[in-house]
>>> print(open('target_33.cif').read())   # mmCIF, C-alpha atoms
data_run
loop_
_atom_site.group_PDB
_atom_site.id
_atom_site.type_symbol
_atom_site.label_atom_id
_atom_site.label_comp_id
_atom_site.auth_asym_id
_atom_site.auth_seq_id
_atom_site.Cartn_x
_atom_site.Cartn_y
_atom_site.Cartn_z
ATOM 1 C CA ASN B 1 19.065 6.348 -5.624
ATOM 2 C CA ALA B 2 15.923 5.628 -7.641
ATOM 3 C CA GLY B 3 14.142 3.550 -4.976
ATOM 4 C CA VAL B 4 11.582 1.227 -6.542
ATOM 5 C CA THR B 5 10.966 1.466 -10.270
ATOM 6 C CA GLN B 6 8.411 -0.323 -12.419
ATOM 7 C CA THR B 7 8.153 -0.904 -16.141
ATOM 8 C CA PRO B 8 6.030 -0.375 -18.099
ATOM 9 C CA LYS B 9 3.879 2.466 -16.738
ATOM 10 C CA PHE B 10 0.885 1.614 -18.912
ATOM 11 C CA ARG B 11 -0.119 -1.396 -20.963
ATOM 12 C CA VAL B 12 -3.172 -2.561 -22.867
ATOM 13 C CA LEU B 13 -3.552 -6.279 -23.517
ATOM 14 C CA LYS B 14 -6.102 -8.361 -25.334
ATOM 15 C CA THR B 15 -7.652 -11.291 -23.520
ATOM 16 C CA GLY B 16 -5.341 -14.288 -23.684
ATOM 17 C CA GLN B 17 -2.152 -12.335 -24.277
ATOM 18 C CA SER B 18 0.779 -12.604 -21.903
ATOM 19 C CA MET B 19 3.118 -10.042 -20.435
ATOM 20 C CA THR B 20 5.695 -9.476 -17.716
ATOM 21 C CA LEU B 21 5.878 -6.544 -15.349
ATOM 22 C CA LEU B 22 9.321 -5.662 -14.093
ATOM 23 C CA CYS B 23 10.128 -4.249 -10.668
ATOM 24 C CA ALA B 24 13.590 -3.110 -9.655
ATOM 25 C CA GLN B 25 14.876 -1.725 -6.359
ATOM 26 C CA ASP B 26 18.271 -0.287 -5.529
ATOM 27 C CA MET B 27 17.973 -0.315 -1.734
ATOM 28 C CA ASN B 28 19.347 -3.836 -1.275
ATOM 29 C CA HIS B 29 16.053 -4.934 0.294
ATOM 30 C CA GLU B 30 15.480 -8.615 0.925
ATOM 31 C CA TYR B 31 11.690 -8.531 0.738
ATOM 32 C CA MET B 32 9.673 -7.655 -2.348
ATOM 33 C CA TYR B 33 5.940 -7.652 -3.030
ATOM 34 C CA TRP B 34 3.416 -7.360 -5.814
ATOM 35 C CA TYR B 35 0.017 -5.787 -5.107
ATOM 36 C CA ARG B 36 -2.994 -4.916 -7.179
ATOM 37 C CA GLN B 37 -5.208 -1.902 -6.514
ATOM 38 C CA ASP B 38 -8.772 -1.855 -7.795
ATOM 39 C CA PRO B 39 -11.258 1.034 -7.578
ATOM 40 C CA GLY B 40 -12.961 1.212 -4.207
ATOM 41 C CA MET B 41 -10.761 -1.496 -2.749
ATOM 42 C CA GLY B 42 -7.594 -1.597 -0.735
ATOM 43 C CA LEU B 43 -4.318 -3.023 -1.947
ATOM 44 C CA ARG B 44 -4.276 -6.805 -2.200
ATOM 45 C CA LEU B 45 -1.113 -8.864 -2.050
ATOM 46 C CA ILE B 46 -0.542 -11.089 -5.086
ATOM 47 C CA HIS B 47 2.849 -12.671 -4.410
ATOM 48 C CA TYR B 48 5.880 -11.841 -2.350
ATOM 49 C CA SER B 49 9.512 -12.851 -1.973
ATOM 50 C CA VAL B 50 11.662 -13.069 1.133
ATOM 51 C CA GLY B 51 14.921 -13.177 -0.771
ATOM 52 C CA GLU B 52 16.633 -14.016 -4.028
ATOM 53 C CA GLY B 53 15.334 -17.265 -5.479
ATOM 54 C CA THR B 54 12.234 -17.401 -3.249
ATOM 55 C CA THR B 55 8.585 -16.645 -3.944
ATOM 56 C CA ALA B 56 5.344 -17.168 -2.041
ATOM 57 C CA LYS B 57 1.631 -16.729 -2.671
ATOM 58 C CA GLY B 58 -0.263 -13.829 -1.236
ATOM 59 C CA GLU B 59 -3.975 -13.179 -0.978
ATOM 60 C CA VAL B 60 -4.855 -13.226 -4.705
ATOM 61 C CA PRO B 61 -2.209 -15.285 -6.579
ATOM 62 C CA ASP B 62 -4.379 -17.011 -9.200
ATOM 63 C CA GLY B 63 -3.525 -16.100 -12.795
ATOM 64 C CA TYR B 64 -0.110 -14.676 -11.885
ATOM 65 C CA ASN B 65 3.400 -16.033 -11.622
ATOM 66 C CA VAL B 66 6.518 -14.401 -10.223
ATOM 67 C CA SER B 67 10.260 -14.853 -10.275
ATOM 68 C CA ARG B 68 13.108 -13.413 -8.199
ATOM 69 C CA LEU B 69 16.250 -14.464 -10.025
ATOM 70 C CA LYS B 70 18.180 -11.423 -8.828
ATOM 71 C CA LYS B 71 17.857 -9.721 -5.467
ATOM 72 C CA GLN B 72 17.070 -6.354 -7.004
ATOM 73 C CA ASN B 73 14.401 -7.571 -9.441
ATOM 74 C CA PHE B 74 10.951 -9.061 -8.966
ATOM 75 C CA LEU B 75 8.980 -10.012 -12.071
ATOM 76 C CA LEU B 76 5.227 -10.483 -12.271
ATOM 77 C CA GLY B 77 3.899 -12.528 -15.173
ATOM 78 C CA LEU B 78 0.441 -12.913 -16.628
ATOM 79 C CA GLU B 79 0.360 -15.997 -18.835
ATOM 80 C CA SER B 80 -3.141 -15.523 -20.255
ATOM 81 C CA ALA B 81 -4.586 -12.140 -19.397
ATOM 82 C CA ALA B 82 -8.250 -11.807 -18.456
ATOM 83 C CA PRO B 83 -10.419 -8.663 -18.134
ATOM 84 C CA SER B 84 -10.585 -9.311 -14.373
ATOM 85 C CA GLN B 85 -6.862 -8.555 -14.242
ATOM 86 C CA THR B 86 -7.443 -4.977 -15.310
ATOM 87 C CA SER B 87 -5.951 -3.082 -12.402
ATOM 88 C CA VAL B 88 -3.106 -0.923 -11.190
ATOM 89 C CA TYR B 89 -0.170 -3.028 -10.074
ATOM 90 C CA PHE B 90 2.269 -1.869 -7.429
ATOM 91 C CA CYS B 91 5.572 -3.342 -6.485
ATOM 92 C CA ALA B 92 7.077 -2.728 -3.056
ATOM 93 C CA SER B 93 10.179 -3.669 -1.130
ATOM 94 C CA SER B 94 11.310 -3.688 2.490
ATOM 95 C CA TRP B 95 14.456 -4.598 4.402
ATOM 96 C CA GLY B 96 12.546 -6.850 6.777
ATOM 97 C CA GLN B 97 9.257 -8.700 6.824
ATOM 98 C CA PRO B 98 6.028 -6.849 7.619
ATOM 99 C CA PRO B 99 5.333 -4.693 9.457
ATOM 100 C CA ASN B 100 8.642 -3.159 8.406
ATOM 101 C CA GLU B 101 8.115 -0.105 6.223
ATOM 102 C CA GLN B 102 7.439 -0.912 2.587
ATOM 103 C CA TYR B 103 8.613 1.334 -0.239
ATOM 104 C CA PHE B 104 6.302 1.369 -3.228
ATOM 105 C CA GLY B 105 6.954 1.884 -6.915
ATOM 106 C CA PRO B 106 4.892 4.281 -9.066
ATOM 107 C CA GLY B 107 2.612 1.555 -10.402
ATOM 108 C CA THR B 108 1.660 0.000 -13.740
ATOM 109 C CA ARG B 109 -1.810 0.577 -15.111
ATOM 110 C CA LEU B 110 -2.903 -2.520 -17.009
ATOM 111 C CA THR B 111 -6.060 -2.763 -19.083
ATOM 112 C CA VAL B 112 -7.191 -6.084 -20.507
ATOM 113 C CA THR B 113 -9.808 -5.860 -23.246
ATOM 114 C CA GLY T 1 -14.828 -11.111 8.316
ATOM 115 C CA GLU T 2 -11.877 -8.901 9.001
ATOM 116 C CA SER T 3 -11.989 -5.469 7.417
ATOM 117 C CA VAL T 4 -10.396 -2.071 7.517
ATOM 118 C CA GLY T 5 -12.687 0.716 6.483
ATOM 119 C CA LEU T 6 -12.956 4.476 6.355
ATOM 120 C CA HIS T 7 -15.886 6.555 7.577
ATOM 121 C CA LEU T 8 -15.782 9.132 4.763
ATOM 122 C CA PRO T 9 -14.774 8.635 1.163
ATOM 123 C CA THR T 10 -13.917 12.340 0.702
ATOM 124 C CA LEU T 11 -12.886 15.136 3.014
ATOM 125 C CA SER T 12 -12.581 18.786 2.070
ATOM 126 C CA VAL T 13 -10.735 21.216 4.334
ATOM 127 C CA GLN T 14 -9.564 24.799 4.162
ATOM 128 C CA GLU T 15 -5.850 25.403 3.875
ATOM 129 C CA GLY T 16 -4.425 25.961 7.335
ATOM 130 C CA ASP T 17 -7.123 23.995 9.123
ATOM 131 C CA ASN T 18 -6.535 20.651 10.787
ATOM 132 C CA SER T 19 -7.695 17.458 9.062
ATOM 133 C CA ILE T 20 -8.926 14.313 10.734
ATOM 134 C CA ILE T 21 -9.215 11.088 8.765
ATOM 135 C CA ASN T 22 -10.832 8.110 10.441
ATOM 136 C CA CYS T 23 -10.493 4.370 10.078
ATOM 137 C CA ALA T 24 -12.240 1.429 11.715
ATOM 138 C CA TYR T 25 -10.803 -2.028 12.111
ATOM 139 C CA SER T 26 -12.433 -5.249 13.151
ATOM 140 C CA ASN T 27 -9.644 -7.559 14.314
ATOM 141 C CA SER T 28 -8.920 -6.924 17.984
ATOM 142 C CA ALA T 29 -5.781 -9.060 17.665
ATOM 143 C CA SER T 30 -4.154 -6.725 15.153
ATOM 144 C CA ASP T 31 -0.838 -5.520 16.457
ATOM 145 C CA TYR T 32 0.293 -2.849 14.062
ATOM 146 C CA PHE T 33 -1.366 -0.058 12.112
ATOM 147 C CA ILE T 34 -0.022 2.112 9.321
ATOM 148 C CA TRP T 35 -1.199 5.226 7.509
ATOM 149 C CA TYR T 36 -0.270 5.773 3.864
ATOM 150 C CA LYS T 37 -0.562 8.765 1.564
ATOM 151 C CA GLN T 38 -1.125 8.217 -2.144
ATOM 152 C CA GLU T 39 -0.909 11.125 -4.535
ATOM 153 C CA SER T 40 -2.533 10.911 -7.927
ATOM 154 C CA GLY T 41 -0.581 8.660 -10.280
ATOM 155 C CA LYS T 42 1.926 7.639 -7.630
ATOM 156 C CA GLY T 43 2.530 4.728 -5.316
ATOM 157 C CA PRO T 44 1.565 4.736 -1.634
ATOM 158 C CA GLN T 45 3.939 6.468 0.733
ATOM 159 C CA PHE T 46 4.359 5.561 4.392
ATOM 160 C CA ILE T 47 3.320 8.368 6.741
ATOM 161 C CA ILE T 48 3.243 7.035 10.267
ATOM 162 C CA ASP T 49 2.640 3.827 12.154
ATOM 163 C CA ILE T 50 1.536 2.775 15.614
ATOM 164 C CA ARG T 51 1.665 -0.425 17.590
ATOM 165 C CA SER T 52 -1.273 -1.734 19.550
ATOM 166 C CA ASN T 53 0.448 -1.043 22.878
ATOM 167 C CA MET T 54 0.329 2.687 22.170
ATOM 168 C CA ASP T 55 -2.561 5.172 22.127
ATOM 169 C CA LYS T 56 -0.893 8.033 20.316
ATOM 170 C CA ARG T 57 2.095 8.709 18.152
ATOM 171 C CA GLN T 58 3.237 11.989 16.684
ATOM 172 C CA GLY T 59 5.249 12.782 13.619
ATOM 173 C CA GLN T 60 5.932 15.940 11.711
ATOM 174 C CA ARG T 61 2.506 17.666 11.472
ATOM 175 C CA VAL T 62 0.780 14.287 11.800
ATOM 176 C CA THR T 63 -0.609 12.425 14.787
ATOM 177 C CA VAL T 64 -2.114 8.960 14.849
ATOM 178 C CA LEU T 65 -4.554 8.014 17.592
ATOM 179 C CA LEU T 66 -5.541 4.456 18.378
ATOM 180 C CA ASN T 67 -8.637 3.613 20.395
ATOM 181 C CA LYS T 68 -8.614 -0.121 20.967
ATOM 182 C CA THR T 69 -11.852 -0.056 22.925
ATOM 183 C CA VAL T 70 -13.862 0.905 19.863
ATOM 184 C CA LYS T 71 -11.323 -0.358 17.292
ATOM 185 C CA HIS T 72 -10.796 3.042 15.780
ATOM 186 C CA LEU T 73 -7.787 4.710 14.242
ATOM 187 C CA SER T 74 -7.444 8.336 13.190
ATOM 188 C CA LEU T 75 -4.882 10.445 11.383
ATOM 189 C CA GLN T 76 -4.679 14.104 12.268
ATOM 190 C CA ILE T 77 -2.868 16.498 9.964
ATOM 191 C CA ALA T 78 -2.075 19.888 11.452
ATOM 192 C CA ALA T 79 -2.178 23.087 9.396
ATOM 193 C CA THR T 80 -3.228 21.270 6.228
ATOM 194 C CA GLN T 81 -1.448 22.429 3.091
ATOM 195 C CA PRO T 82 -2.294 22.069 -0.623
ATOM 196 C CA GLY T 83 0.472 19.465 -0.876
ATOM 197 C CA ASP T 84 -1.480 17.296 1.539
ATOM 198 C CA SER T 85 -4.173 16.699 -1.077
ATOM 199 C CA ALA T 86 -4.135 12.964 -1.716
ATOM 200 C CA VAL T 87 -5.823 9.700 -0.842
ATOM 201 C CA TYR T 88 -5.053 8.504 2.664
ATOM 202 C CA PHE T 89 -5.585 4.922 3.702
ATOM 203 C CA CYS T 90 -4.925 2.884 6.771
ATOM 204 C CA ALA T 91 -3.582 -0.634 6.972
ATOM 205 C CA GLU T 92 -3.846 -3.254 9.661
ATOM 206 C CA ASN T 93 -1.242 -5.953 10.172
ATOM 207 C CA THR T 94 -2.696 -9.067 11.680
ATOM 208 C CA GLY T 95 0.579 -10.969 11.797
ATOM 209 C CA GLY T 96 3.304 -11.909 9.350
ATOM 210 C CA PHE T 97 2.456 -11.057 5.751
ATOM 211 C CA LYS T 98 -1.235 -10.536 6.402
ATOM 212 C CA THR T 99 -1.835 -6.808 6.025
ATOM 213 C CA ILE T 100 -5.315 -5.516 5.244
ATOM 214 C CA PHE T 101 -5.459 -2.183 3.453
ATOM 215 C CA GLY T 102 -8.399 0.182 3.526
ATOM 216 C CA ALA T 103 -9.849 1.676 0.355
ATOM 217 C CA GLY T 104 -8.928 5.229 1.315
ATOM 218 C CA THR T 105 -10.278 8.732 1.894
ATOM 219 C CA ARG T 106 -9.604 11.472 -0.606
ATOM 220 C CA LEU T 107 -8.518 14.714 1.040
ATOM 221 C CA PHE T 108 -9.128 17.970 -0.822
ATOM 222 C CA VAL T 109 -7.433 21.114 0.445
ATOM 223 C CA LYS T 110 -9.081 24.389 -0.541
ATOM 224 C CA ALA T 111 -6.835 27.386 -0.935
#
>>> encode(input="target_33.cif", output="C-alpha cells")
Amino acid sequence: NAGVTQTPKFRVLKTGQSMTLLCAQDMNHEYMYWYRQDPGMGLRLIHYSVGEGTTAKGEVPDGYNVSRLKKQNFLLGLESAAPSQTSVYFCASSWGQPPNEQYFGPGTRLTVT
Amino acid sequence: GESVGLHLPTLSVQEGDNSIINCAYSNSASDYFIWYKQESGKGPQFIIDIRSNMDKRQGQRVTVLLNKTVKHLSLQIAATQPGDSAVYFCAENTGGFKTIFGAGTRLFVKA
C-alpha cells in the first residue's frame, strides 16, 4: 500500500515550456486535490476532483489544468510555465469531502527559470 | 480578511520537555480545525483535529486546545522527542472545500 505517490520529484522548466505532474493513490479515494506550497505561505488549493471524470477550481487555478480520467490518478498540467509557478506541489486524496482527513503525497519541487 | 497564523516561526525545546505550538484564526464561523506535521522533504501528515463544539481533544502524546473566545488554537506535544522535529501548521475549514492553511512553525528538538 503505497498511499499517494507523485512523479516526478524534481523538475526544472524554462519559461513557456509545458509539463504534467502525475498523482496516483491506491486507497480507492473519491476525492483528490492539488496544492502548491510557497515559502512563508500555507498550502493553497489549485484544483480538486470529487470523483472520476470530474474537476473543479480551487483558490489559485489560473495557469493550471487538471484531468481525472481514472479514479486513482489526478494529473496537473502547466501549459506554459511561468517563474511565478516555481513552487512545491502536493497532491492529496480523501475518502470524503473536507474536512475528512487528507493523505498527502511527498511533493514535486518545480523550478521555472 | 480571513487568515490562519502562527505566533512563532521557530520553537526550540529540550528533548523530554513539553512543546506548545500556537495558532490564531480570524473566522468565528469556522467549524473544524486540523494540525499537520511536515517533515523535511515530505508531505504534510495529519496529526489531530477538533470541531468547534469542543474545547479539547487528546491523541497519543498530543493535545489540541481550542479557545473560541479569543480564536486561538494550540497543539501540545508531551515529552518531545527528536522525531518530533518538523514544521507544524494548523488549518481552518470554513465550510466545504475552503480550508485555510497556516504557514507553519518549525520545531527543533535539542538532544
>>> interface_residues(input="target_33.cif", of="chain B", to="chain T", cutoff="9 Å", atoms="all atoms listed in the file", output="NGL selection string")
:B and (38-45 or 48 or 58-59 or 90-91 or 97-99 or 101-107)
>>> resolve_selection(input="target_33.cif", expression="the PyMOL selection byres ((chain T and resi 54-60) around 12)", output="compact mmCIF listing (two decimals) with C-alpha atoms, keeping the file's coordinate frame")
# COMPACT_ATOMS: atom_id res chain seq x y z
CA ASP T 31 -0.84 -5.52 16.46
CA TYR T 32 0.29 -2.85 14.06
CA PHE T 33 -1.37 -0.06 12.11
CA ILE T 34 -0.02 2.11 9.32
CA TRP T 35 -1.20 5.23 7.51
CA PHE T 46 4.36 5.56 4.39
CA ILE T 47 3.32 8.37 6.74
CA ILE T 48 3.24 7.04 10.27
CA ASP T 49 2.64 3.83 12.15
CA ILE T 50 1.54 2.78 15.61
CA ARG T 51 1.66 -0.42 17.59
CA SER T 52 -1.27 -1.73 19.55
CA ASN T 53 0.45 -1.04 22.88
CA ARG T 61 2.51 17.67 11.47
CA VAL T 62 0.78 14.29 11.80
CA THR T 63 -0.61 12.42 14.79
CA VAL T 64 -2.11 8.96 14.85
CA LEU T 65 -4.55 8.01 17.59
CA LEU T 66 -5.54 4.46 18.38
CA ASN T 67 -8.64 3.61 20.40
CA LYS T 68 -8.61 -0.12 20.97
CA THR T 69 -11.85 -0.06 22.92
CA LYS T 71 -11.32 -0.36 17.29
CA HIS T 72 -10.80 3.04 15.78
CA LEU T 73 -7.79 4.71 14.24
CA SER T 74 -7.44 8.34 13.19
CA LEU T 75 -4.88 10.44 11.38
CA GLN T 76 -4.68 14.10 12.27
CA ILE T 77 -2.87 16.50 9.96
CA ALA T 78 -2.08 19.89 11.45
CA ALA T 79 -2.18 23.09 9.40
CA THR T 80 -3.23 21.27 6.23
>>> atom_distance(input="target_33.cif", atom1="atom CA of T:Val13", atom2="atom CA of T:Glu39")
16.6 Å
>>> residues_near_point(input="target_33.cif", point="(7.8, -8.9, -5.6)", cutoff="6 Å", atoms="all atoms listed in the file", output="list of chain:residue names")
B:Met32, B:Tyr33, B:Trp34, B:Tyr48, B:Ser49, B:Phe74
>>> axis_aligned_box(input="target_33.cif", around="stretch 68-74 of chain B", padding_each_side="5 Å", output="lines of an AutoDock Vina configuration file")
center_x = 14.6
center_y = -10.4
center_z = -7.7
size_x = 17.2
size_y = 18.1
size_z = 14.6
>>> resolve_selection(input="target_33.cif", expression="the PyMOL selection byres ((chain B and resi 9) around 8)", output="tab-separated table (two decimals) with C-alpha atoms, in the frame of the given file")
chain	number	residue	atom	x	y	z
B	6	GLN	CA	8.41	-0.32	-12.42
B	7	THR	CA	8.15	-0.90	-16.14
B	8	PRO	CA	6.03	-0.38	-18.10
B	10	PHE	CA	0.88	1.61	-18.91
B	11	ARG	CA	-0.12	-1.40	-20.96
B	106	PRO	CA	4.89	4.28	-9.07
B	107	GLY	CA	2.61	1.56	-10.40
B	108	THR	CA	1.66	0.00	-13.74
B	109	ARG	CA	-1.81	0.58	-15.11
>>> resolve_selection(input="target_33.cif", expression="the PyMOL selection byres ((chain B and resi 12-27) around 6)", output="list in words")
Gly3, Val4, Thr5, Gln6, Thr7, Arg11, Asn28, His29, Gln72, Asn73, Phe74, Leu75, Leu76, Gly77, Leu78, Glu79, Ser80, Ala81, Ala82, Leu110, Thr111, Val112 and Thr113 of chain B
>>> atom_distance(input="target_33.cif", atom1="atom CA of T:Pro82", atom2="atom CA of T:Lys110")
7.2 Å
>>> atom_distance(input="target_33.cif", atom1="atom CA of B:Ser84", atom2="atom CA of B:Asn65")
15.8 Å
>>> residues_near_point(input="target_33.cif", point="(-11.4, 15.5, 1.8)", cutoff="8 Å", atoms="only C-alpha atoms", output="JSON, numbers by chain")
{"T": [9, 10, 11, 12, 13, 85, 105, 106, 107, 108, 109]}
>>> write_last_selection(input="target_33.cif", atoms="C-alpha atoms", output="compact mmCIF listing (two decimals), keeping the file's coordinate frame")
# COMPACT_ATOMS: atom_id res chain seq x y z
CA PRO T 9 -14.77 8.64 1.16
CA THR T 10 -13.92 12.34 0.70
CA LEU T 11 -12.89 15.14 3.01
CA SER T 12 -12.58 18.79 2.07
CA VAL T 13 -10.74 21.22 4.33
CA SER T 85 -4.17 16.70 -1.08
CA THR T 105 -10.28 8.73 1.89
CA ARG T 106 -9.60 11.47 -0.61
CA LEU T 107 -8.52 14.71 1.04
CA PHE T 108 -9.13 17.97 -0.82
CA VAL T 109 -7.43 21.11 0.44
>>> closest_residue(input="target_33.cif", among="T:Val70, T:Ala111, T:Asn18, T:Ala86", to="T:Tyr36", atoms="only C-alpha atoms")
T:Ala86
